[in-house]
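Peer 1: So I've got this file, start20.cif, and it contains mmCIF, C-alpha atoms:
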data_input
#
loop_
_atom_site.label_atom_id
_atom_site.label_comp_id
_atom_site.auth_asym_id
_atom_site.auth_seq_id
_atom_site.Cartn_x
_atom_site.Cartn_y
_atom_site.Cartn_z
CA MET A 1 -1.21 -7.57 -23.95
CA LEU A 2 2.35 -8.58 -23.27
CA VAL A 3 4.98 -7.34 -25.68
CA LYS A 4 8.64 -8.03 -26.32
CA LEU A 5 10.66 -8.35 -23.13
CA ASN A 6 13.83 -6.28 -22.75
CA ILE A 7 16.41 -8.19 -20.74
CA ASN A 8 19.54 -6.59 -19.35
CA LYS A 9 21.77 -9.26 -17.88
CA LYS A 10 24.12 -6.75 -16.28
CA SER A 11 21.47 -5.05 -14.15
CA ALA A 12 20.69 -7.84 -11.69
CA PRO A 13 23.73 -10.05 -11.22
CA SER A 14 22.03 -12.19 -8.56
CA TYR A 15 19.34 -13.39 -10.93
CA GLY A 16 20.66 -12.46 -14.36
CA TYR A 17 17.75 -10.41 -15.65
CA THR A 18 16.01 -7.06 -15.42
CA VAL A 19 12.48 -6.51 -16.71
CA ASN A 20 11.21 -3.06 -17.59
CA LEU A 21 7.71 -2.37 -16.32
CA ASN A 22 7.45 -0.34 -19.54
CA ASP A 23 7.34 -3.60 -21.49
CA TYR A 24 4.12 -4.69 -19.83
CA TYR A 25 2.47 -1.28 -19.98
CA SER A 26 3.45 -0.24 -23.48
CA SER A 27 -0.12 -0.77 -24.68
CA ASP A 28 -1.49 1.48 -21.91
CA GLU A 29 -1.60 5.25 -21.69
CA TRP A 30 1.58 5.92 -19.77
CA ASN A 31 3.90 6.27 -22.74
CA ARG A 32 1.96 8.86 -24.70
CA THR A 33 2.24 12.63 -24.44
CA TYR A 34 -0.46 14.17 -22.26
CA ASN A 35 -1.93 17.58 -22.95
CA PRO A 36 -0.84 19.88 -20.06
CA PHE A 37 -4.49 20.28 -18.98
CA GLU A 38 -5.43 16.61 -19.33
CA PRO A 39 -5.83 14.40 -16.23
CA GLN A 40 -3.06 11.88 -15.71
CA GLN A 41 -1.69 9.70 -12.87
CA VAL A 42 -5.23 8.86 -11.70
CA HIS A 43 -5.41 6.83 -8.49
CA THR A 44 -8.01 6.08 -5.82
CA SER A 45 -8.33 5.21 -2.15
CA TRP A 46 -11.20 4.16 0.09
CA MET A 47 -12.64 6.18 2.89
CA SER A 48 -13.48 4.25 6.06
CA GLU A 49 -15.75 1.23 5.51
CA GLY A 50 -15.48 1.69 1.74
CA LYS A 51 -18.55 3.94 1.72
CA SER A 52 -16.95 6.43 -0.66
CA PHE A 53 -13.65 6.86 -2.46
CA ARG A 54 -11.23 9.66 -3.20
CA VAL A 55 -9.57 10.15 -6.53
CA GLU A 56 -6.35 12.10 -7.00
CA PHE A 57 -4.66 13.07 -10.25
CA SER A 58 -2.19 15.51 -11.79
CA THR A 59 -2.14 18.05 -14.59
CA MET A 60 0.99 19.75 -15.84
CA GLY A 61 -0.89 23.00 -16.51
CA LYS A 62 -3.18 25.04 -14.30
CA ILE A 63 -6.83 24.21 -14.99
CA GLN A 64 -9.99 26.20 -14.26
CA SER A 65 -12.08 23.34 -12.86
CA CYS A 66 -12.33 19.57 -12.52
CA GLN A 67 -14.89 16.96 -11.56
CA VAL A 68 -15.32 13.26 -11.08
CA HIS A 69 -18.21 11.73 -12.97
CA TYR A 70 -19.40 8.31 -11.75
CA TRP A 71 -22.30 5.93 -12.24
CA LEU A 72 -23.45 2.40 -11.47
CA LYS A 73 -22.23 0.11 -14.23
CA ASN A 74 -25.64 -1.57 -14.52
CA ASN A 75 -27.50 1.77 -14.42
CA PRO A 76 -25.48 4.39 -16.31
CA GLN A 77 -28.46 6.74 -16.50
CA GLU A 78 -28.06 7.63 -12.81
CA GLU A 79 -24.98 9.78 -13.12
CA VAL A 80 -23.32 11.80 -10.37
CA PHE A 81 -20.96 14.72 -10.91
CA VAL A 82 -18.79 15.99 -8.04
CA ASP A 83 -16.95 19.24 -8.68
CA GLN A 84 -15.83 20.27 -5.18
CA SER A 85 -12.12 19.68 -5.53
CA GLU A 86 -9.00 20.33 -3.49
CA ASP A 87 -6.30 21.71 -5.79
CA TRP A 88 -2.70 22.66 -5.07
CA LEU A 89 0.66 23.31 -6.66
CA PHE A 90 3.42 20.76 -6.10
CA VAL A 91 6.97 21.96 -6.68
CA ASP A 92 9.65 19.28 -6.95
CA GLY A 93 12.71 19.89 -4.75
CA GLY A 94 15.22 19.38 -7.57
CA SER A 95 17.34 22.03 -9.22
CA GLN A 96 14.72 22.85 -11.86
CA GLN A 97 11.94 23.34 -9.27
CA ARG A 98 9.61 21.55 -11.67
CA GLN A 99 5.91 22.21 -11.10
CA GLN A 100 2.72 20.24 -11.48
CA TYR A 101 -0.83 20.69 -10.24
CA MET A 102 -2.49 18.15 -7.97
CA HIS A 103 -6.24 17.64 -7.72
CA MET A 104 -8.41 15.57 -5.39
CA LEU A 105 -12.14 14.82 -5.33
CA GLN A 106 -14.34 12.60 -3.18
CA THR A 107 -17.53 10.80 -4.15
CA ASP A 108 -20.78 10.91 -2.23
CA MET A 109 -21.94 7.84 -0.33
CA LEU A 110 -21.97 4.76 -2.55
CA ALA A 111 -24.27 1.74 -2.71
CA GLY A 112 -22.79 -1.48 -1.38
CA SER A 113 -22.25 -4.64 -3.44
CA SER A 114 -22.03 -2.55 -6.60
CA VAL A 115 -19.71 -1.95 -9.53
CA TYR A 116 -19.11 1.72 -10.31
CA GLN A 117 -17.48 3.30 -13.30
CA PHE A 118 -15.95 6.76 -13.18
CA GLN A 119 -14.14 9.32 -15.25
CA VAL A 120 -12.13 12.42 -14.35
CA ILE A 121 -12.87 15.60 -16.32
CA THR A 122 -10.84 18.80 -16.43
CA GLU A 123 -11.74 22.09 -18.09
CA THR A 124 -9.85 25.20 -19.08
CA ARG A 125 -10.64 27.88 -21.68
CA HIS A 126 -13.96 26.12 -22.36
CA ILE A 127 -12.16 22.96 -23.47
CA ARG A 128 -12.86 19.73 -21.59
CA TYR A 129 -10.37 16.90 -21.19
CA LEU A 130 -11.57 13.42 -20.20
CA SER A 131 -9.65 10.56 -18.63
CA SER A 132 -10.26 6.95 -19.50
CA VAL A 133 -13.21 5.25 -17.82
CA TYR A 134 -12.18 3.27 -14.74
CA GLU A 135 -14.10 0.68 -12.76
CA LEU A 136 -14.15 -0.47 -9.13
CA HIS A 137 -16.51 -2.28 -6.80
CA THR A 138 -17.81 -1.41 -3.35
CA PRO A 139 -17.74 -3.81 -0.35
CA ASP A 140 -20.04 -6.80 -0.52
CA ASN A 141 -23.02 -6.26 1.81
CA ILE A 142 -23.75 -9.98 2.08
CA SER A 143 -20.35 -11.53 2.74
CA SER A 144 -18.54 -10.61 5.95
CA SER A 145 -15.16 -11.48 4.39
CA PHE A 146 -13.09 -9.66 1.79
CA LYS A 147 -9.81 -10.02 -0.09
CA PHE A 148 -6.97 -7.63 -0.81
CA LEU A 149 -3.48 -7.70 -2.33
CA VAL A 150 -0.18 -6.83 -0.64
CA THR A 151 3.08 -5.89 -2.32
CA GLY A 152 5.97 -3.49 -1.93
CA ASP A 153 9.38 -2.33 -3.12
CA ILE A 154 8.29 -1.87 -6.73
CA GLY A 155 10.45 -0.27 -9.38
CA ILE A 156 9.85 0.80 -12.95
CA LYS A 157 12.21 -2.06 -13.68
CA ASN A 158 11.22 -5.50 -12.38
CA GLY A 159 7.81 -4.42 -11.01
CA LEU A 160 6.32 -7.82 -11.77
CA SER A 161 3.75 -7.85 -8.96
CA LEU A 162 1.99 -4.85 -10.48
CA GLN A 163 1.56 -6.67 -13.77
CA VAL A 164 -0.03 -9.54 -11.82
CA ALA A 165 -2.27 -7.06 -10.00
CA LYS A 166 -3.22 -5.45 -13.33
CA ASP A 167 -4.37 -8.83 -14.62
CA LEU A 168 -6.43 -9.42 -11.43
CA VAL A 169 -8.21 -6.05 -11.40
CA SER A 170 -10.98 -7.04 -13.81
CA THR A 171 -11.96 -10.08 -11.73
CA HIS A 172 -13.38 -7.84 -8.96
CA GLU A 173 -12.07 -10.43 -6.52
CA TYR A 174 -9.98 -7.93 -4.53
CA ASP A 175 -11.21 -4.80 -2.76
CA PHE A 176 -7.91 -2.88 -2.67
CA ILE A 177 -4.13 -3.15 -2.82
CA ALA A 178 -1.77 -2.34 0.06
CA ILE A 179 1.65 -0.99 -0.96
CA MET A 180 4.46 -1.41 1.57
CA GLY A 181 6.57 1.56 0.43
CA ASP A 182 9.49 2.18 -1.95
CA GLN A 183 7.73 2.90 -5.21
CA ALA A 184 9.40 3.82 -8.52
CA TYR A 185 13.01 3.94 -7.21
CA ASN A 186 12.75 6.90 -6.82
CA MET A 187 9.82 9.23 -7.40
CA GLY A 188 11.99 12.31 -6.96
CA ASP A 189 14.62 11.23 -9.49
CA ASP A 190 15.10 13.03 -12.82
CA GLU A 191 13.52 16.23 -11.50
CA GLY A 192 10.45 14.24 -10.42
CA THR A 193 9.69 12.84 -13.86
CA ARG A 194 10.43 9.33 -12.56
CA GLY A 195 7.43 9.67 -10.26
CA ASP A 196 5.22 10.86 -13.11
CA GLN A 197 6.30 7.96 -15.28
CA PHE A 198 5.64 5.42 -12.55
CA MET A 199 2.24 6.84 -11.58
CA ASN A 200 1.13 6.77 -15.21
CA GLN A 201 2.39 3.21 -15.60
CA VAL A 202 0.38 2.00 -12.61
CA GLN A 203 -2.68 4.13 -13.39
CA ASN A 204 -4.70 1.15 -14.63
CA VAL A 205 -4.05 -0.62 -11.32
CA TYR A 206 -4.31 2.25 -8.84
CA ALA A 207 -7.41 3.79 -10.47
CA ASN A 208 -9.34 0.52 -10.60
CA LEU A 209 -8.08 -0.97 -7.33
CA PRO A 210 -8.02 1.54 -4.45
CA VAL A 211 -4.66 1.93 -2.74
CA LEU A 212 -3.51 1.84 0.88
CA ALA A 213 0.03 3.20 0.81
CA THR A 214 2.88 3.68 3.23
CA ALA A 215 6.17 5.55 2.83
CA GLY A 216 9.54 3.83 2.59
CA ASN A 217 13.12 5.01 2.81
CA HIS A 218 13.22 5.51 -0.97
CA GLU A 219 10.49 8.16 -0.64
CA LYS A 220 12.55 10.34 1.71
CA ALA A 221 13.80 12.89 -0.87
CA TYR A 222 12.81 16.50 -0.06
CA ASN A 223 11.19 15.47 3.23
CA PHE A 224 9.05 12.77 1.59
CA SER A 225 7.36 15.44 -0.52
CA HIS A 226 6.59 13.17 -3.49
CA TYR A 227 4.87 10.64 -1.29
CA LYS A 228 2.98 13.29 0.70
CA HIS A 229 1.70 15.07 -2.41
CA ARG A 230 1.07 12.09 -4.65
CA PHE A 231 -0.72 10.16 -1.87
CA ASN A 232 -2.46 13.08 -0.25
CA LEU A 233 -5.75 11.19 -0.75
CA MET A 234 -4.96 8.82 2.14
CA PRO A 235 -7.47 9.36 5.01
CA TYR A 236 -5.03 11.03 7.44
CA ARG A 237 -7.32 14.01 8.08
CA GLU A 238 -10.07 11.70 9.33
CA SER A 239 -7.43 9.92 11.44
CA GLY A 240 -6.12 13.02 13.20
CA PHE A 241 -2.63 13.04 11.70
CA VAL A 242 -0.86 15.92 9.95
CA ASP A 243 -0.07 14.28 6.60
CA ALA A 244 -0.24 11.03 4.62
CA MET A 245 2.69 9.49 6.51
CA GLN A 246 0.24 7.96 9.03
CA TYR A 247 -3.48 7.20 8.95
CA SER A 248 -6.02 4.53 9.79
CA LEU A 249 -9.40 3.28 8.60
CA ASN A 250 -11.88 0.49 9.25
CA TYR A 251 -12.77 -1.95 6.50
CA LYS A 252 -15.28 -4.60 7.51
CA SER A 253 -13.65 -6.69 10.28
CA VAL A 254 -10.21 -5.01 10.12
CA HIS A 255 -8.82 -1.80 11.56
CA PHE A 256 -5.90 -0.87 9.29
CA ILE A 257 -3.16 1.44 10.52
CA SER A 258 -0.46 2.82 8.22
CA ILE A 259 2.65 4.02 10.06
CA SER A 260 5.95 5.64 9.15
CA THR A 261 8.93 3.54 10.14
CA GLU A 262 11.20 6.24 8.71
CA VAL A 263 10.46 8.48 11.69
CA PHE A 264 12.90 6.31 13.67
CA PHE A 265 15.75 7.16 11.28
CA ASP A 266 15.08 10.46 9.49
CA LYS A 267 13.21 12.60 12.01
CA THR A 268 13.84 14.28 15.35
CA GLU A 269 13.13 12.72 18.72
CA ASP A 270 10.08 14.98 19.10
CA GLN A 271 8.71 13.84 15.75
CA MET A 272 9.21 10.20 16.67
CA VAL A 273 7.41 10.75 19.97
CA ALA A 274 4.52 12.49 18.17
CA SER A 275 4.28 9.56 15.75
CA LEU A 276 4.19 7.01 18.57
CA ASN A 277 1.69 9.09 20.55
CA TRP A 278 -0.66 9.15 17.58
CA LEU A 279 -0.22 5.40 17.09
CA GLU A 280 -0.97 4.64 20.72
CA ASP A 281 -4.07 6.84 20.71
CA ASP A 282 -5.30 5.12 17.57
CA LEU A 283 -4.66 1.66 19.04
CA ILE A 284 -6.56 2.57 22.21
CA GLU A 285 -9.62 3.50 20.17
CA ALA A 286 -9.28 0.45 17.91
CA ASN A 287 -9.17 -1.87 20.91
CA LYS A 288 -12.41 -0.39 22.24
CA MET A 289 -14.13 -1.42 18.99
CA ARG A 290 -12.78 -4.95 18.95
CA ASP A 291 -16.15 -6.62 19.42
CA LYS A 292 -17.22 -5.09 16.07
CA VAL A 293 -13.84 -4.78 14.32
CA PRO A 294 -11.86 -7.73 15.74
CA TRP A 295 -8.62 -7.51 13.73
CA ILE A 296 -5.89 -4.88 13.97
CA VAL A 297 -3.45 -4.90 11.04
CA VAL A 298 -0.55 -2.44 10.89
CA ILE A 299 1.25 -1.67 7.65
CA GLY A 300 4.70 -0.08 7.49
CA HIS A 301 7.88 -0.25 5.46
CA ARG A 302 10.75 -1.60 7.56
CA PRO A 303 10.54 -4.99 9.29
CA LEU A 304 10.69 -5.53 13.04
CA TYR A 305 12.14 -8.98 12.34
CA CYS A 306 14.09 -10.37 9.39
CA SER A 307 16.21 -13.47 9.13
CA TYR A 308 19.42 -12.06 7.59
CA LEU A 309 20.87 -11.51 11.03
CA SER A 310 24.24 -10.43 9.70
CA LYS A 311 22.60 -7.35 8.15
CA LYS A 312 22.06 -4.06 9.99
CA ASP A 313 18.39 -3.96 8.98
CA CYS A 314 17.82 -7.26 10.77
CA ASN A 315 19.64 -6.53 14.02
CA GLU A 316 20.26 -2.98 15.29
CA ASN A 317 17.73 -1.24 12.99
CA ALA A 318 15.07 -3.83 13.76
CA GLU A 319 15.76 -3.52 17.48
CA LYS A 320 15.43 0.26 17.27
CA LEU A 321 12.04 -0.13 15.63
CA ARG A 322 10.88 -2.66 18.19
CA PHE A 323 11.95 -0.83 21.33
CA GLY A 324 12.74 2.79 20.41
CA ASN A 325 15.81 4.85 21.21
CA GLY A 326 15.63 4.25 24.93
CA GLY A 327 14.60 0.62 24.73
CA GLN A 328 11.26 1.37 26.36
CA ARG A 329 8.80 2.56 23.72
CA GLY A 330 8.95 1.29 20.17
CA LEU A 331 6.56 -0.40 17.79
CA GLU A 332 6.72 -3.87 19.33
CA VAL A 333 6.02 -2.48 22.78
CA LEU A 334 2.79 -0.90 21.48
CA PHE A 335 1.89 -3.87 19.28
CA ASN A 336 2.02 -6.19 22.28
CA LYS A 337 0.32 -3.81 24.67
CA TYR A 338 -2.69 -3.38 22.37
CA GLN A 339 -2.71 -6.87 20.85
CA VAL A 340 -2.00 -6.08 17.21
CA ASP A 341 -2.67 -9.17 15.12
CA LEU A 342 -0.47 -8.69 12.05
CA TYR A 343 2.30 -6.39 10.87
CA LEU A 344 2.73 -6.13 7.07
CA CYS A 345 5.94 -4.60 5.75
CA GLY A 346 8.57 -4.64 3.01
CA HIS A 347 12.09 -3.15 2.72
CA LYS A 348 13.84 -6.51 2.42
CA HIS A 349 13.41 -7.76 -1.13
CA LEU A 350 12.00 -11.15 -0.29
CA TYR A 351 9.02 -12.81 1.39
CA GLU A 352 9.14 -13.87 5.03
CA ARG A 353 6.51 -14.93 7.53
CA THR A 354 7.16 -15.24 11.23
CA TYR A 355 5.38 -17.29 13.83
CA PRO A 356 3.82 -15.32 16.69
CA VAL A 357 6.86 -13.64 18.20
CA ARG A 358 7.74 -11.36 21.13
CA ASN A 359 11.07 -9.93 22.27
CA ASP A 360 12.91 -11.95 19.63
CA GLN A 361 11.47 -15.19 21.03
CA LEU A 362 9.23 -17.73 19.35
CA LEU A 363 5.99 -17.99 21.35
CA THR A 364 4.16 -20.72 19.44
CA THR A 365 3.95 -22.30 16.00
CA SER A 366 0.14 -22.22 16.18
CA TYR A 367 -1.93 -19.44 14.61
CA HIS A 368 -5.08 -20.26 16.59
CA ASN A 369 -5.71 -17.58 19.23
CA PRO A 370 -2.09 -16.41 18.83
CA PRO A 371 -0.63 -14.75 21.95
CA SER A 372 1.20 -12.08 19.95
CA PHE A 373 1.37 -10.52 16.50
CA PHE A 374 3.12 -12.15 13.58
CA GLN A 375 4.88 -10.34 10.75
CA VAL A 376 4.89 -10.74 6.97
CA ILE A 377 7.51 -9.14 4.72
CA SER A 378 6.12 -8.77 1.21
CA GLY A 379 9.01 -6.78 -0.24
CA ASN A 380 9.55 -8.89 -3.35
CA GLY A 381 7.18 -6.99 -5.61
CA GLY A 382 10.10 -6.19 -7.90
CA ASN A 383 12.74 -3.55 -7.25
CA GLU A 384 15.50 -2.27 -9.51
CA ASP A 385 18.09 -4.88 -8.47
CA GLY A 386 15.85 -7.92 -8.22
CA PRO A 387 15.30 -10.09 -5.13
CA ASP A 388 17.80 -10.17 -2.27
CA ALA A 389 20.68 -12.60 -2.54
CA HIS A 390 20.61 -15.80 -0.52
CA ASP A 391 22.00 -15.60 3.00
CA ASN A 392 23.69 -18.62 4.53
CA SER A 393 23.11 -17.68 8.16
CA ALA A 394 21.02 -20.05 10.26
CA SER A 395 17.29 -19.38 10.33
CA PRO A 396 16.03 -18.03 13.67
CA PRO A 397 13.41 -20.15 15.49
CA TRP A 398 10.64 -17.59 14.91
CA LEU A 399 10.94 -17.81 11.10
CA ALA A 400 8.09 -19.82 9.60
CA HIS A 401 8.73 -19.36 5.87
CA ARG A 402 11.10 -17.55 3.52
CA HIS A 403 10.92 -17.16 -0.26
CA ILE A 404 13.63 -15.41 -2.29
CA ASP A 405 12.12 -14.52 -5.65
CA TYR A 406 9.46 -12.21 -7.04
CA GLY A 407 6.02 -12.60 -5.49
CA ILE A 408 2.71 -11.09 -4.39
CA THR A 409 0.63 -11.66 -1.27
CA ASP A 410 -3.10 -12.32 -1.32
CA MET A 411 -5.18 -11.99 1.86
CA GLU A 412 -8.71 -12.99 2.78
CA VAL A 413 -10.18 -11.81 6.09
CA GLY A 414 -13.40 -12.59 7.93
CA PRO A 415 -14.49 -11.77 11.50
CA GLN A 416 -12.73 -14.81 13.01
CA PHE A 417 -10.30 -15.97 10.35
CA MET A 418 -7.49 -14.65 8.21
CA ASN A 419 -6.08 -16.54 5.21
CA LEU A 420 -2.73 -15.45 3.82
CA TYR A 421 -1.39 -16.73 0.49
CA HIS A 422 1.89 -15.85 -1.19
CA TYR A 423 2.34 -16.55 -4.90
CA GLN A 424 5.43 -16.45 -7.05
CA CYS A 425 5.47 -13.91 -9.89
CA HIS A 426 6.88 -15.28 -13.12
CA ILE A 427 9.31 -13.29 -15.24
CA ASN A 428 6.65 -13.02 -17.97
CA GLY A 429 4.39 -11.06 -15.61
CA THR A 430 1.96 -13.87 -14.73
CA ARG A 431 1.13 -15.24 -11.31
CA GLY A 432 2.98 -18.45 -10.55
CA PRO A 433 2.45 -21.26 -8.05
CA LEU A 434 1.35 -20.90 -4.45
CA ILE A 435 4.48 -20.57 -2.28
CA ASP A 436 3.03 -20.16 1.21
CA HIS A 437 -0.31 -20.33 3.00
CA VAL A 438 -1.33 -19.86 6.60
CA ARG A 439 -4.75 -19.62 8.25
CA VAL A 440 -5.12 -17.56 11.43
CA THR A 441 -8.18 -18.05 13.62
CA LYS A 442 -9.44 -16.64 16.87
CA THR A 443 -12.47 -17.26 19.04
CA THR A 444 -14.88 -14.73 20.52
CA SER A 445 -13.40 -15.31 23.95
CA HIS A 446 -9.92 -14.55 22.61
CA ILE A 447 -11.17 -11.31 21.07
CA HIS A 448 -12.60 -10.28 24.44
CA LYS A 449 -9.31 -11.18 26.08
CA GLN A 450 -7.50 -8.92 23.61
CA MET A 451 -9.80 -6.03 24.52
CA ARG A 452 -8.91 -6.39 28.21
CA ALA A 453 -5.17 -6.90 27.69
CA HIS A 454 -3.99 -3.30 28.06
#
Could I get this file's structure written as structure tokens?

Peer 2:
Amino acid sequence: MLVKLNINKKSAPSYGYTVNLNDYYSSDEWNRTYNPFEPQQVHTSWMSEGKSFRVEFSTMGKIQSCQVHYWLKNNPQEEVFVDQSEDWLFVDGGSQQRQQYMHMLQTDMLAGSSVYQFQVITETRHIRYLSSVYELHTPDNISSSFKFLVTGDIGIKNGLSLQVAKDLVSTHEYDFIAIMGDQAYNMGDDEGTRGDQFMNQVQNVYANLPVLATAGNHEKAYNFSHYKHRFNLMPYRESGFVDAMQYSLNYKSVHFISISTEVFFDKTEDQMVASLNWLEDDLIEANKMRDKVPWIVVIGHRPLYCSYLSKKDCNENAEKLRFGNGGQRGLEVLFNKYQVDLYLCGHKHLYERTYPVRNDQLLTTSYHNPPSFFQVISGNGGNEDGPDAHDNSASPPWLAHRHIDYGITDMEVGPQFMNLYHYQCHINGTRGPLIDHVRVTKTTSHIHKQMRAH
């Protein structure tokens, strides 16, 4: 249900309005008072191949036990209870050192092509507290293709793409949502209560639609601690990394890799090298599997290319990301060496799609058997200040499309095709018209060529 819209014309001078995400979620559970022992901020993520999922949540008080209870929607009699949890204390880095308790559970193997419902249960002093019932579906065993949503740079104010995603959840058309960093603006603000508020607001999206997340520059407070703790469910352990800043997983025909672009700006040289070493090792293994998992998609926060060439993010920062500090080993170097197909990112508050590009040069305007990766910025999910202002500089040759307004990206992927759609998000929280579409295709011979490239 949509309720009265609060509009603040002073908050976003470029576009003249600011929308509170609160307005769209006022009928949900976020704005009520939770019992300290009651589960809140429930969110999920897939394990590799979507064969099981993790659920993470918070309590403000220390509980004695917790479990996830799940069942097939069409067969509720076959219930499963998992009570082996990972539990830890998270202390915010602010002056009050505010505490909350984090909890994580993982389901057993799930049946494919099925709709599951689940509920989180906590217990302390012989009193049980139950979350709402959430619902998600497992990968389709029959179809080789799947769909997912992409968005990023989402604030409590103006987070229109999440309202669109909330409306799409019940369709079971999308298998997960990929978030390109910069959530809440900022999770660590107000002694960390901003993060709690945001995670409760998006609970009915992130619990029903598993999340692939990446960290942005607005997550950097206290060494990215809010991101690392709140998204500890990401499969970094299975990927051989030390925390949720980087991880990978296979999902049908795609090998997804989530990377930290912030390591180029907020970490030491040794940490950047460790990050790139992990990425290269992961790409080596992904390329070996290309006959079975033909696509490699990398998600990160900052763009390697953006068209506002007068801005630091689009020239020297982008060049640093592409080629590294010494100009020899950056993200683009590895993307080209191991034939990455697509880089998804945010940071700039707009939508941009490049043609296949390398070393700042347009390679082709065709997306059939492309000779290099292309990039999509989907950073117009709705941040505090609204979309970026228009820039009058000339568009570079490698720019295929640019859209300066709120929007959300919709992707469909099969073994030899990839469809990308970008839709406008209306100010009333509904999905608007189709703004951009591109179809990428590649042949079996091209896939084999990619395997041999490095």

Peer 1: Would you be able to write out as a short mmCIF file (atom, residue, chain, number, x, y, z; two decimals) with C-alpha atoms, in the frame of the given file which residues have an atom within 7 Å of (-13.4, 16.0, -4.1) in the file's coordinates, counting all atoms listed in the file?

Peer 2:
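Generated output (out30.cif):
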data_model
loop_
_atom_site.label_atom_id
_atom_site.label_comp_id
_atom_site.auth_asym_id
_atom_site.auth_seq_id
_atom_site.Cartn_x
_atom_site.Cartn_y
_atom_site.Cartn_z
CA ARG A 54 -11.23 9.66 -3.20
CA VAL A 82 -18.79 15.99 -8.04
CA ASP A 83 -16.95 19.24 -8.68
CA GLN A 84 -15.83 20.27 -5.18
CA SER A 85 -12.12 19.68 -5.53
CA GLU A 86 -9.00 20.33 -3.49
CA MET A 104 -8.41 15.57 -5.39
CA LEU A 105 -12.14 14.82 -5.33
CA GLN A 106 -14.34 12.60 -3.18
CA THR A 107 -17.53 10.80 -4.15
#

Peer 1: Output the residue selection produced by the PyMOL selection byres ((chain A and resi 323) around 12) on the file above, formatted as a list in words.

Peer 2: Phe264, Leu276, Leu304, Glu316, Asn317, Ala318, Glu319, Lys320, Leu321, Arg322, Gly324, Asn325, Gly326, Gly327, Gln328, Arg329, Gly330, Leu331, Glu332, Val333, Leu334, Phe335, Asn336, Arg358, Asn359 and Asp360 of chain A

Peer 1: Store the residues picked out above, limited to C-alpha atoms, as a PDB file, in the coordinates of the input.

Peer 2:
ATOM      1  CA  PHE A 264      12.900   6.310  13.670  1.00  0.00           C
ATOM      2  CA  LEU A 276       4.190   7.010  18.570  1.00  0.00           C
ATOM      3  CA  LEU A 304      10.690  -5.530  13.040  1.00  0.00           C
ATOM      4  CA  GLU A 316      20.260  -2.980  15.290  1.00  0.00           C
ATOM      5  CA  ASN A 317      17.730  -1.240  12.990  1.00  0.00           C
ATOM      6  CA  ALA A 318      15.070  -3.830  13.760  1.00  0.00           C
ATOM      7  CA  GLU A 319      15.760  -3.520  17.480  1.00  0.00           C
ATOM      8  CA  LYS A 320      15.430   0.260  17.270  1.00  0.00           C
ATOM      9  CA  LEU A 321      12.040  -0.130  15.630  1.00  0.00           C
ATOM     10  CA  ARG A 322      10.880  -2.660  18.190  1.00  0.00           C
ATOM     11  CA  GLY A 324      12.740   2.790  20.410  1.00  0.00           C
ATOM     12  CA  ASN A 325      15.810   4.850  21.210  1.00  0.00           C
ATOM     13  CA  GLY A 326      15.630   4.250  24.930  1.00  0.00           C
ATOM     14  CA  GLY A 327      14.600   0.620  24.730  1.00  0.00           C
ATOM     15  CA  GLN A 328      11.260   1.370  26.360  1.00  0.00           C
ATOM     16  CA  ARG A 329       8.800   2.560  23.720  1.00  0.00           C
ATOM     17  CA  GLY A 330       8.950   1.290  20.170  1.00  0.00           C
ATOM     18  CA  LEU A 331       6.560  -0.400  17.790  1.00  0.00           C
ATOM     19  CA  GLU A 332       6.720  -3.870  19.330  1.00  0.00           C
ATOM     20  CA  VAL A 333       6.020  -2.480  22.780  1.00  0.00           C
ATOM     21  CA  LEU A 334       2.790  -0.900  21.480  1.00  0.00           C
ATOM     22  CA  PHE A 335       1.890  -3.870  19.280  1.00  0.00           C
ATOM     23  CA  ASN A 336       2.020  -6.190  22.280  1.00  0.00           C
ATOM     24  CA  ARG A 358       7.740 -11.360  21.130  1.00  0.00           C
ATOM     25  CA  ASN A 359      11.070  -9.930  22.270  1.00  0.00           C
ATOM     26  CA  ASP A 360      12.910 -11.950  19.630  1.00  0.00           C
TER      27      ASP A 360
END

Peer 1: I'd like the contact shell of Val357 of chain A - 7 Å cut-off, all atoms listed in the file, skipping same-chain residues fewer than 6 positions apart - returned as a PDB file with C-alpha atoms, keeping the file's coordinate frame.

Peer 2:
ATOM      1  CA  LEU A 363       5.990 -17.990  21.350  1.00  0.00           C
ATOM      2  CA  SER A 372       1.200 -12.080  19.950  1.00  0.00           C
ATOM      3  CA  PHE A 373       1.370 -10.520  16.500  1.00  0.00           C
ATOM      4  CA  PHE A 374       3.120 -12.150  13.580  1.00  0.00           C
ATOM      5  CA  TRP A 398      10.640 -17.590  14.910  1.00  0.00           C
TER       6      TRP A 398
END

Peer 1: With distances taken over only C-alpha atoms, which of A:Thr261, A:Gln97, A:Thr124, A:Ser366 is nearest to Gly61 of chain A?

Peer 2: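 Among the listed residues, A:Thr124 lies closest to Gly61 of chain A.
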
Peer 1: Could you pull the residues within 8 Å of Tyr206 of chain A, counting all atoms listed in the file, minus those fewer than 6 positions along the same chain, as a list in words?

Peer 2: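 Skipping anything fewer than 6 positions along the chain leaves Val42, His43 and Thr44 of chain A.
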
Peer 1: With all atoms of segment 381-385 of chain A from the file as input, state the centre and edge lengths in Å to one decimal of the axis-aligned box that has 4 Å extra on each side, as JSON.

Peer 2:
{"center_x": 12.6, "center_y": -4.6, "center_z": -7.6, "size_x": 18.9, "size_y": 12.7, "size_z": 11.9}

Peer 1: How would you write, as a PyMOL selection string, the residues chosen by the PyMOL selection byres ((chain A and resi 375) around 8) on this structure?

Peer 2: chain A and resi 303-305+342-345+352-356+373-374+376-377
